[in-house]
Each structure stands twice: as structure tokens, then as C-alpha cells.
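Below: one structure, written as C-alpha cells.
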Number of protein chains: 2
Amino acid sequence: MASKIITIARQYGSGGREIGHILAEQCGFEFYDNNLITLSAQKIGLDAGRLTEADEKIPNSILYTLAIGSSMYSGMHNHNFQPVNDKLFVAQSDIIEEIAKGEKGAVIVGRCADYVLEGREDVTRIFLYADFDRRVAEIARRHNIKLSDAKPLVVKTDKRRANYYNYYTGKKWGKLENYDMALCTDNHTHEEICSIIKVLAGI
Amino acid sequence: MASKIITIARQYGSGGREIGHILAEQCGFEFYDNNLITLSAQKIGLDAGRLTEADEKIPNSILYTLAIGSSMYSGMHNHNFQPVNDKLFVAQSDIIEEIAKGEKGAVIVGRCADYVLEGREDVTRIFLYADFDRRVAEIARRHNIKLSDAKPLVVKTDKRRANYYNYYTGKKWGKLENYDMALCTDNHTHEEICSIIKVLAGI
């Protein structure tokens, strides 16, 4: 059965966003990444700028975390006191579910989409990774910064993504059981990576 | 660049051996799995039956382990006192290196081949995994045993493979950085898995 949805989790600097974009174009699918923030802002009536600050981040307050205990998606919908991070996660998750119910195919980057759509047979779940030094070099090139500045940025961004995923899903970011395939982008062009994903997804 | 060697590490019951066999046939490559034991027996002049007992296992003696410290491949060649496990590992590793230097392509299953051939550009390194319950069902079917007997067998075999890999390589079995791709075999035929590996390997 061909997949209608492809979710891409990705290490920072592995090329996940670009690969997802090319893949969506090749498949005639919609592409969702940080444009989910704009959609979420419309949904919950908050400023998109404020939501951007909370994107793929966990709430800051330790007291809040202690107060509500395990912050699973299913328990969040009717919570009266919610940090903006939780509101954004719930809104994005609802939108991701709506996308999956729709007729059009989609590539969704990040936002725990593999977890939100868990159990659906028409979803192919990918994790993209790459050599640490190569990712540092890529981020330095992309943002025109020194390698010594790019290195902590890569470490910090990966940590933030892992924390976000682990906090909201109760699972572990990058652990194989959460994905259908994990693919190293080091020695392949974006187009080659897309070809491999399409074979796996039956597209 | 097309790969000449494909190494397959595999969770027990994920179909790695069968997939490797089909892949080798499709590519016109040699297939190496436990036939490496016979080749090793010839090389070191030991009985193949005795070597089979030591295959993909670490030495039993804790004292031995403490005495020699870190048992890395490179430090083993001139060791006078060697358990049969170490002798087998060294012999298999030497044979794997000879295979890689040869003209014919090869698929090599297990035996830390990804580590032994680390740094070679003509090698594609695969890790195959699958859902635990599916693997238990597959092993029960394969050996005509009860699910309740297959379950501890799967746990024990995976643990043995991980110990073997971690002990001889100093790395962690199943950790993404050791492989070019990790692929879940759950929802695909062996032939589909082979197609995906061939695209990755440029074959």
C-alpha cells in the first residue's frame, strides 16, 4: 500500500527540511514544516510571532511540569491552564490529524508527526541523520558563521528537538522503533535520498 | 559510487539472513554468513564444530576480560593466550578484509563487518530491525516452538549479538552512527527491502 503521508524527523543540519521539500514536490504532496505555526495561530487565535518562539520547545516552567505530571497529547485538550507551548503542540497535532484525514498527500517535517499519526497504515515515518562534523560545517555554511559557533548551535538544537519529542510523546527521539527507516544523508544527494524514501513509501 | 560490499547487521527474527541471501543473488555477489566459520576453521586449523559454539559470542571468562582490558581487534593478532572466541573474531575479520580487497562483490551478515570495514567508501552498512512481537512470532514459526519459548530466545539472541558487537568494536550495536541506513522489515517483502538497499548502494 502506497503511503499518503511521509513524516520526517531530522537531526539539525542533516538536510531534512530541504529533502522534505523536494520530496513533496516530486510526489505532488503538500509540504508542512514551520508553516504549521501560521495554521496553528489561526486555529487558536494567537499571534504567529509568539508561537514561533514556542515552536518545537517544551514549556520553561519546572513547576508547571511537576503540577501536571506526564504531559501527553491526549490529556491536554481540556486543560484550563496551558503554557503556549502546550497550546501550540495540541493545535499542531490537531492540524496534522486533519491533514492525514484529507485527500491530498503530505510531507510533514518534525512536530512529533510520527507519534501523532501512530498506527495509521498510510504513513511512512523517516528519521534523517548525518555525521556530526558534516552537520556543523553545513550549519556554518548555511548561516555564514564560524565552525566554533556552529558546533554549540547543532548540539543545542538537537537537544531541544529531543527534549520536545521525549516530553510530548513519552518516547525517545531517534530511537528506531519510532520509525520505518533511519537514513544517513552523508554520502547521497537530496534527490537520491528522496528516491530511497519513495521506494520505501511505495510511491 | 556503487558499493561492492553490503554489510547487514540484524535483530534476531527480522529476516536479515534471508534478505542478505536474496540480495546477494540479485546482485551477483558472494554471500557470507555462518559459512565464515568454515573459512575461519581452515585458516586457523581448528575444528569448525568447536568454532560454531563460539560464533558471535564473547569469551566466558571474566578474568580473561579483566586481564587483557579492552579487547580491540587491532590488539589481538599477536596475543599468545587467546580464547577461541577471539581467535575466531580475528580470523573472521581477516577473511572479511580479504573479501573486501577481492574483485567480487559480497553481502556479509553479522560478524561486526561494518566495523571491520569502517572507512571504506565501497561499503554500504545496513541495520535491519522489526517489531518485537512479530520477531517472536517469526522465530516460533521458524523453529516450530511456542511463542512463550520463542520470546526469551529472541531477547537472549539480541543480547548476545549486542554484547558481541560492543565487546569487539567498542561501539554500540544498533546505534545509528555505525550504519548508512536502518530499515524496519515489518511491512515489506524481502524483495522490497532488497530494492531499497540497492538504491542506497547505487547498484
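Just remember, in the C-alpha cells the first chain shown is A, the second B, etc., residues are 1-based per chain, and ligands are 1-based in the order shown.
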
**Message:** Could you list, as a list in words, every residue within 10 Å of Lys175 (chain B), counting only C-alpha atoms and ignoring same-chain residues fewer than 6 positions away?
**Reply:**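 Residues near the query, excluding close chain neighbours: Gly174, Lys175 and Leu176 of chain A; Phe127 and Ala182 of chain B.
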
Store the residues of this selection in a file with N, CA, C and O atoms, as a PDB file, in the first residue's frame.
ATOM      1  N   GLY A 174      14.712   9.639  17.851  1.00  0.00           N
ATOM      2  CA  GLY A 174      15.811   8.937  17.169  1.00  0.00           C
ATOM      3  C   GLY A 174      15.862   7.458  17.455  1.00  0.00           C
ATOM      4  O   GLY A 174      16.695   6.750  16.883  1.00  0.00           O
ATOM      5  N   LYS A 175      14.992   6.948  18.356  1.00  0.00           N
ATOM      6  CA  LYS A 175      15.004   5.508  18.643  1.00  0.00           C
ATOM      7  C   LYS A 175      14.301   4.774  17.497  1.00  0.00           C
ATOM      8  O   LYS A 175      13.178   5.141  17.103  1.00  0.00           O
ATOM      9  N   LEU A 176      14.947   3.720  17.015  1.00  0.00           N
ATOM     10  CA  LEU A 176      14.496   3.060  15.786  1.00  0.00           C
ATOM     11  C   LEU A 176      13.031   2.652  15.779  1.00  0.00           C
ATOM     12  O   LEU A 176      12.354   2.745  14.764  1.00  0.00           O
TER      13      LEU A 176
ATOM     14  N   PHE B 127      21.448  -1.806   8.985  1.00  0.00           N
ATOM     15  CA  PHE B 127      20.930  -2.450  10.201  1.00  0.00           C
ATOM     16  C   PHE B 127      19.447  -2.738   9.974  1.00  0.00           C
ATOM     17  O   PHE B 127      18.676  -1.829   9.667  1.00  0.00           O
ATOM     18  N   ALA B 182      19.149   2.269   8.642  1.00  0.00           N
ATOM     19  CA  ALA B 182      18.477   1.274   9.485  1.00  0.00           C
ATOM     20  C   ALA B 182      17.061   1.140   8.949  1.00  0.00           C
ATOM     21  O   ALA B 182      16.381   2.144   8.718  1.00  0.00           O
TER      22      ALA B 182
END

**Request:** Compute the chain A side of the contact with chain B at 8 Å, counting only C-alpha atoms, and hand it back as a count of residues only.
**Result:** 16

**Request:** Find the residues around Ala113 (chain B) up to 10 Å (only C-alpha atoms counted), leave out those fewer than 2 positions away in its own chain, and share them as a list in words.
**Result:**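 Near Ala113 (chain B), the qualifying residues are Ile5, Ile6, Thr7, Ile8, Ala9, Gln92, Ser93, Ile96, Glu97, Val107, Ile108, Val109, Gly110, Arg111, Tyr115, Val116, Leu117, Glu118, Val123, Arg125 and Tyr165 of chain B.
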
**Item:** Test item: residues at most 9 Å from Asp149 (chain B), only C-alpha atoms, excluding those fewer than 3 positions along its chain, as a ChimeraX atom specification
**Value:** /B:136,140,145-146,152-153

**Asked** Nearest to Ile99 (chain A) among A:Lys172, A:Phe31, A:Glu191, A:Ile22, with distances taken over only C-alpha atoms: which residue is it?
**Response**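 Ranking A:Lys172, A:Phe31, A:Glu191, A:Ile22 by distance to Ile99 (chain A), first place goes to A:Phe31.
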
**Message:** Would you pick out the contacts of region 35-44 of chain B at 8 Å or less, using only C-alpha atoms, so that residues sharing its chain but fewer than 6 positions from it are not included, and give the list as a PyMOL selection string?
**Reply:** chain B and resi 51-52+55+87-88+91-92+95

**Complete:** Pairwise distance, CA of Arg10 (chain A) with CA of Arg142 (chain A), equals 16.3 Å

**Request:** Any chance you could list, as a ChimeraX atom specification, the residues in region 28-199 of chain B that come up strand (DSSP E or B) when DSSP is run on the backbone?
**Result:** /B:30-32,106-109,123-129,181-184
